[in-house]
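Data block for model.csv (CSV, C-alpha atoms):
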chain,number,residue,atom,x,y,z
Q,1,MET,CA,0.0,0.0,0.0
Q,2,ARG,CA,1.3,3.4,-0.9
Q,3,ASN,CA,2.3,5.7,1.9
Q,4,ARG,CA,1.7,9.5,1.5
Q,5,ASP,CA,4.8,10.3,3.4
Q,6,VAL,CA,6.8,8.4,0.7
Q,7,ASP,CA,4.9,10.3,-2.0
Q,8,ASP,CA,5.9,13.6,-0.3
Q,9,PHE,CA,9.5,12.4,0.1
Q,10,ALA,CA,9.7,11.6,-3.6
Q,11,GLN,CA,8.2,15.0,-4.6
Q,12,THR,CA,10.3,17.2,-2.2
Q,13,LYS,CA,13.6,15.3,-1.8
Q,14,LEU,CA,14.3,13.5,-5.1
Q,15,THR,CA,15.5,14.6,-8.5
Q,16,PRO,CA,13.3,13.6,-11.4
Q,17,GLU,CA,15.7,10.7,-12.3
Q,18,TYR,CA,15.6,9.4,-8.7
Q,19,ARG,CA,11.8,9.9,-8.5
Q,20,GLU,CA,11.5,7.6,-11.6
Q,21,ILE,CA,13.7,4.9,-10.0
Q,22,LEU,CA,11.8,5.1,-6.7
Q,23,GLU,CA,8.4,4.8,-8.5
Q,24,LYS,CA,9.6,1.7,-10.4
Q,25,LEU,CA,11.0,0.2,-7.1
Q,26,ARG,CA,7.6,0.8,-5.5
Q,27,GLN,CA,5.9,-1.0,-8.3
Q,28,ILE,CA,8.3,-3.9,-8.1
Q,29,VAL,CA,7.8,-4.3,-4.3
Q,30,GLU,CA,4.0,-4.1,-4.6
Q,31,GLU,CA,4.0,-6.9,-7.2
Q,32,THR,CA,6.7,-9.0,-5.6
Q,33,VAL,CA,5.9,-8.7,-1.9
Q,34,PRO,CA,2.3,-7.5,-1.8
Q,35,ASP,CA,2.1,-7.7,2.0
Q,36,ALA,CA,5.1,-5.3,2.5
Q,37,ILE,CA,4.2,-2.1,4.2
Q,38,GLU,CA,5.7,1.1,2.8
Q,39,VAL,CA,7.0,3.5,5.4
Q,40,LEU,CA,9.5,6.2,6.1
Q,41,SER,CA,12.3,4.9,8.3
Q,42,SER,CA,14.8,7.4,9.6
Q,43,GLY,CA,13.5,9.7,7.0
Q,44,ASN,CA,14.0,7.3,4.1
Q,45,PRO,CA,11.5,5.1,2.1
Q,46,ALA,CA,11.5,1.5,3.4
Q,47,TRP,CA,9.5,-1.7,3.2
Q,48,HIS,CA,8.6,-3.9,6.2
Q,49,VAL,CA,6.8,-7.1,6.8
Q,50,LYS,CA,7.9,-8.4,10.1
Q,51,ARG,CA,11.2,-6.7,9.9
Q,52,THR,CA,12.7,-4.2,7.4
Q,53,LEU,CA,13.2,-5.8,4.0
Q,54,ALA,CA,14.9,-2.9,2.2
Q,55,THR,CA,15.5,0.9,2.5
Q,56,VAL,CA,16.2,3.6,-0.1
Q,57,THR,CA,18.8,6.3,0.5
Q,58,THR,CA,20.1,8.9,-1.9
Q,59,ASN,CA,23.1,11.2,-2.4
Q,60,ASP,CA,24.4,13.3,-5.3
Q,61,LYS,CA,25.9,10.3,-7.1
Q,62,ASN,CA,23.2,7.6,-6.9
Q,63,LEU,CA,20.1,6.1,-5.3
Q,64,THR,CA,20.9,3.2,-3.1
Q,65,LEU,CA,18.6,0.3,-2.2
Q,66,THR,CA,19.9,-1.5,0.9
Q,67,PHE,CA,18.7,-5.0,1.8
Q,68,GLU,CA,18.8,-5.2,5.6
Q,69,ARG,CA,19.6,-9.0,5.6
Q,70,GLY,CA,21.4,-8.8,2.3
Q,71,ALA,CA,24.4,-10.8,3.4
Q,72,SER,CA,22.0,-13.8,3.6
Q,73,LEU,CA,20.8,-13.4,0.1
Q,74,THR,CA,22.1,-15.5,-2.8
Q,75,ASP,CA,23.4,-13.1,-5.4
Q,76,ASP,CA,23.3,-15.0,-8.7
Q,77,HIS,CA,22.9,-11.7,-10.5
Q,78,GLY,CA,26.0,-10.0,-9.3
Q,79,TRP,CA,24.4,-6.7,-8.4
Q,80,LEU,CA,24.8,-6.6,-4.7
Q,81,GLU,CA,27.7,-4.7,-3.1
Q,82,GLY,CA,29.0,-4.5,0.4
Q,83,THR,CA,31.0,-6.6,2.8
Q,84,GLY,CA,29.2,-5.9,6.1
Q,85,PHE,CA,27.9,-8.5,8.5
Q,86,ASN,CA,24.2,-7.9,7.5
Q,87,THR,CA,23.4,-5.5,4.7
Q,88,ARG,CA,24.1,-5.5,1.0
Q,89,HIS,CA,23.1,-2.7,-1.4
Q,90,LEU,CA,22.9,-1.8,-5.0
Q,91,LYS,CA,23.3,1.7,-6.5
Q,92,MET,CA,21.5,3.2,-9.5
Q,93,LYS,CA,21.9,6.5,-11.2
Q,94,ASN,CA,19.0,6.2,-13.7
Q,95,ILE,CA,16.1,4.0,-14.6
Q,96,ASP,CA,18.1,2.2,-17.2
Q,97,GLU,CA,20.3,0.8,-14.4
Q,98,LEU,CA,17.4,-0.8,-12.6
Q,99,PRO,CA,17.8,-4.6,-12.7
Q,100,GLU,CA,14.2,-5.7,-12.5
Q,101,ASP,CA,14.7,-9.4,-12.5
Q,102,ALA,CA,17.5,-9.3,-9.9
Q,103,LEU,CA,15.4,-7.0,-7.7
Q,104,ARG,CA,12.4,-9.3,-7.8
Q,105,ASP,CA,14.7,-12.2,-6.9
Q,106,TYR,CA,16.3,-10.3,-4.0
Q,107,LEU,CA,12.9,-9.2,-2.7
Q,108,THR,CA,11.5,-12.7,-2.9
Q,109,GLN,CA,14.5,-14.0,-0.9
Q,110,ALA,CA,14.3,-11.1,1.6
Q,111,ALA,CA,10.6,-11.8,2.2
Q,112,ALA,CA,11.3,-15.6,2.6
Q,113,LEU,CA,14.0,-14.7,5.2
Q,114,ASP,CA,11.5,-12.4,6.9
Q,115,ALA,CA,8.8,-15.0,7.0
Q,116,GLY,CA,11.2,-17.3,8.9
Q,117,ALA,CA,12.4,-14.5,11.2

Just give me the structure as structure tokens.
Amino acid sequence: MRNRDVDDFAQTKLTPEYREILEKLRQIVEETVPDAIEVLSSGNPAWHVKRTLATVTTNDKNLTLTFERGASLTDDHGWLEGTGFNTRHLKMKNIDELPEDALRDYLTQAAALDAGA
């Protein structure tokens, strides 16, 4: 379900390029994990079921999608970055860099981990 706070975040905090990426991410999450709840977490868009699945952050160089339990995901697509104990992330600069199939796979895995939390 869409969250108006995330709508406001997109309109006031994001460039048009990042807004387009976030909109596509929202669609992918809605289709892949329909029971995920869209929230603002620490001021950033995020999706929760039992726990946080993923969070969006931005800076001048890219939009980053971080999977909270990303270190436990299987990365057959090679998009995930990071070496931390828990999280993994992927960075995008424009809509053409959005790996839809990989994102659907990561979200499916994240939801399965969450269900077993």

Any idea what's packed within 12 Å of Gly84 in chain Q, counting only C-alpha atoms, ignoring anything in its chain fewer than 2 positions away? Could you give it as an MDAnalysis selection string?
chainID Q and resid 66:72 80:82 86:89

Please build the interface table for range 38-84 of chain Q against range 23-31 of chain Q with a cut-off of 12 Å, listing for each qualifying residue the nearest atom pair and the distance in Å to one decimal; count all atoms listed in the file, order rows by chain and increasing number, and write it as a tab-separated table.
residue	atom	partner	partner_atom	distance
Q:Glu38	CA	Q:Arg26	CA	8.5
Q:Val39	CA	Q:Arg26	CA	11.2
Q:Pro45	CA	Q:Arg26	CA	9.6
Q:Ala46	CA	Q:Arg26	CA	9.7
Q:Trp47	CA	Q:Val29	CA	8.1
Q:His48	CA	Q:Val29	CA	10.5
Q:Val49	CA	Q:Val29	CA	11.5
Q:Leu53	CA	Q:Val29	CA	10.0
Q:Ala54	CA	Q:Val29	CA	9.7
Q:Thr55	CA	Q:Leu25	CA	10.6
Q:Val56	CA	Q:Leu25	CA	9.4
Q:Leu63	CA	Q:Leu25	CA	11.0
Q:Thr64	CA	Q:Leu25	CA	11.1
Q:Leu65	CA	Q:Leu25	CA	9.0

Keeping only C-alpha atoms, write the selected residues to a file as a PDB file, keeping the file's coordinate frame.
ATOM      1  CA  GLU Q  38       5.700   1.100   2.800  1.00  0.00           C
ATOM      2  CA  VAL Q  39       7.000   3.500   5.400  1.00  0.00           C
ATOM      3  CA  PRO Q  45      11.500   5.100   2.100  1.00  0.00           C
ATOM      4  CA  ALA Q  46      11.500   1.500   3.400  1.00  0.00           C
ATOM      5  CA  TRP Q  47       9.500  -1.700   3.200  1.00  0.00           C
ATOM      6  CA  HIS Q  48       8.600  -3.900   6.200  1.00  0.00           C
ATOM      7  CA  VAL Q  49       6.800  -7.100   6.800  1.00  0.00           C
ATOM      8  CA  LEU Q  53      13.200  -5.800   4.000  1.00  0.00           C
ATOM      9  CA  ALA Q  54      14.900  -2.900   2.200  1.00  0.00           C
ATOM     10  CA  THR Q  55      15.500   0.900   2.500  1.00  0.00           C
ATOM     11  CA  VAL Q  56      16.200   3.600  -0.100  1.00  0.00           C
ATOM     12  CA  LEU Q  63      20.100   6.100  -5.300  1.00  0.00           C
ATOM     13  CA  THR Q  64      20.900   3.200  -3.100  1.00  0.00           C
ATOM     14  CA  LEU Q  65      18.600   0.300  -2.200  1.00  0.00           C
TER      15      LEU Q  65
END

Between Q:Ile37, Q:Ala110, Q:Leu22, Q:Ile95, which one has atoms that come closest to Thr74 in chain Q, using all atoms listed in the file?
Q:Ala110

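Across Q:Gln109, Q:Thr57, Q:Asn94, Q:Thr15, the tightest approach to Gly43 in chain Q is made by Q:Thr57 when counting all atoms listed in the file.
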
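Considering all atoms listed in the file, the residue among Q:Ile21, Q:Gly116, Q:Leu40, Q:Ala111 positioned nearest to Asn3 in chain Q is Q:Leu40.
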
For Ala112 in chain Q, which residue out of Q:Arg2, Q:Gln11, Q:Leu73, Q:Pro16 is the nearest one, using all atoms listed in the file?
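Of the candidates, the smallest distance to Ala112 in chain Q is held by Q:Leu73.
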
Of the listed residues Q:Arg19, Q:Trp79, Q:Phe85, Q:Thr32, that which approaches Val6 in chain Q most closely, counting only C-alpha atoms
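Of the candidates, the smallest distance to Val6 in chain Q is held by Q:Arg19.
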
Could you check the closest approach to Ala36 in chain Q for each of Q:Asp105, Q:Met1, Q:Lys13, Q:Asp75 and tell me which residue wins, using all atoms listed in the file?
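Result for the nearest residue to Ala36 in chain Q: Q:Met1.
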
Atomic separation - CA of Thr12 in chain Q relative to CA of Arg104 in chain Q, Å
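Computing it gives 27.2 Å between the two atoms.
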
For a test of reading the model, state the distance in Å between CA of Leu107 in chain Q and CA of Lys61 in chain Q, rounded to one decimal.
23.8 Å

To one decimal place, how far is CA of Asp60 in chain Q from CA of Asp5 in chain Q in Å?
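Value for the CA of Asp60 in chain Q-CA of Asp5 in chain Q distance: 21.7 Å.
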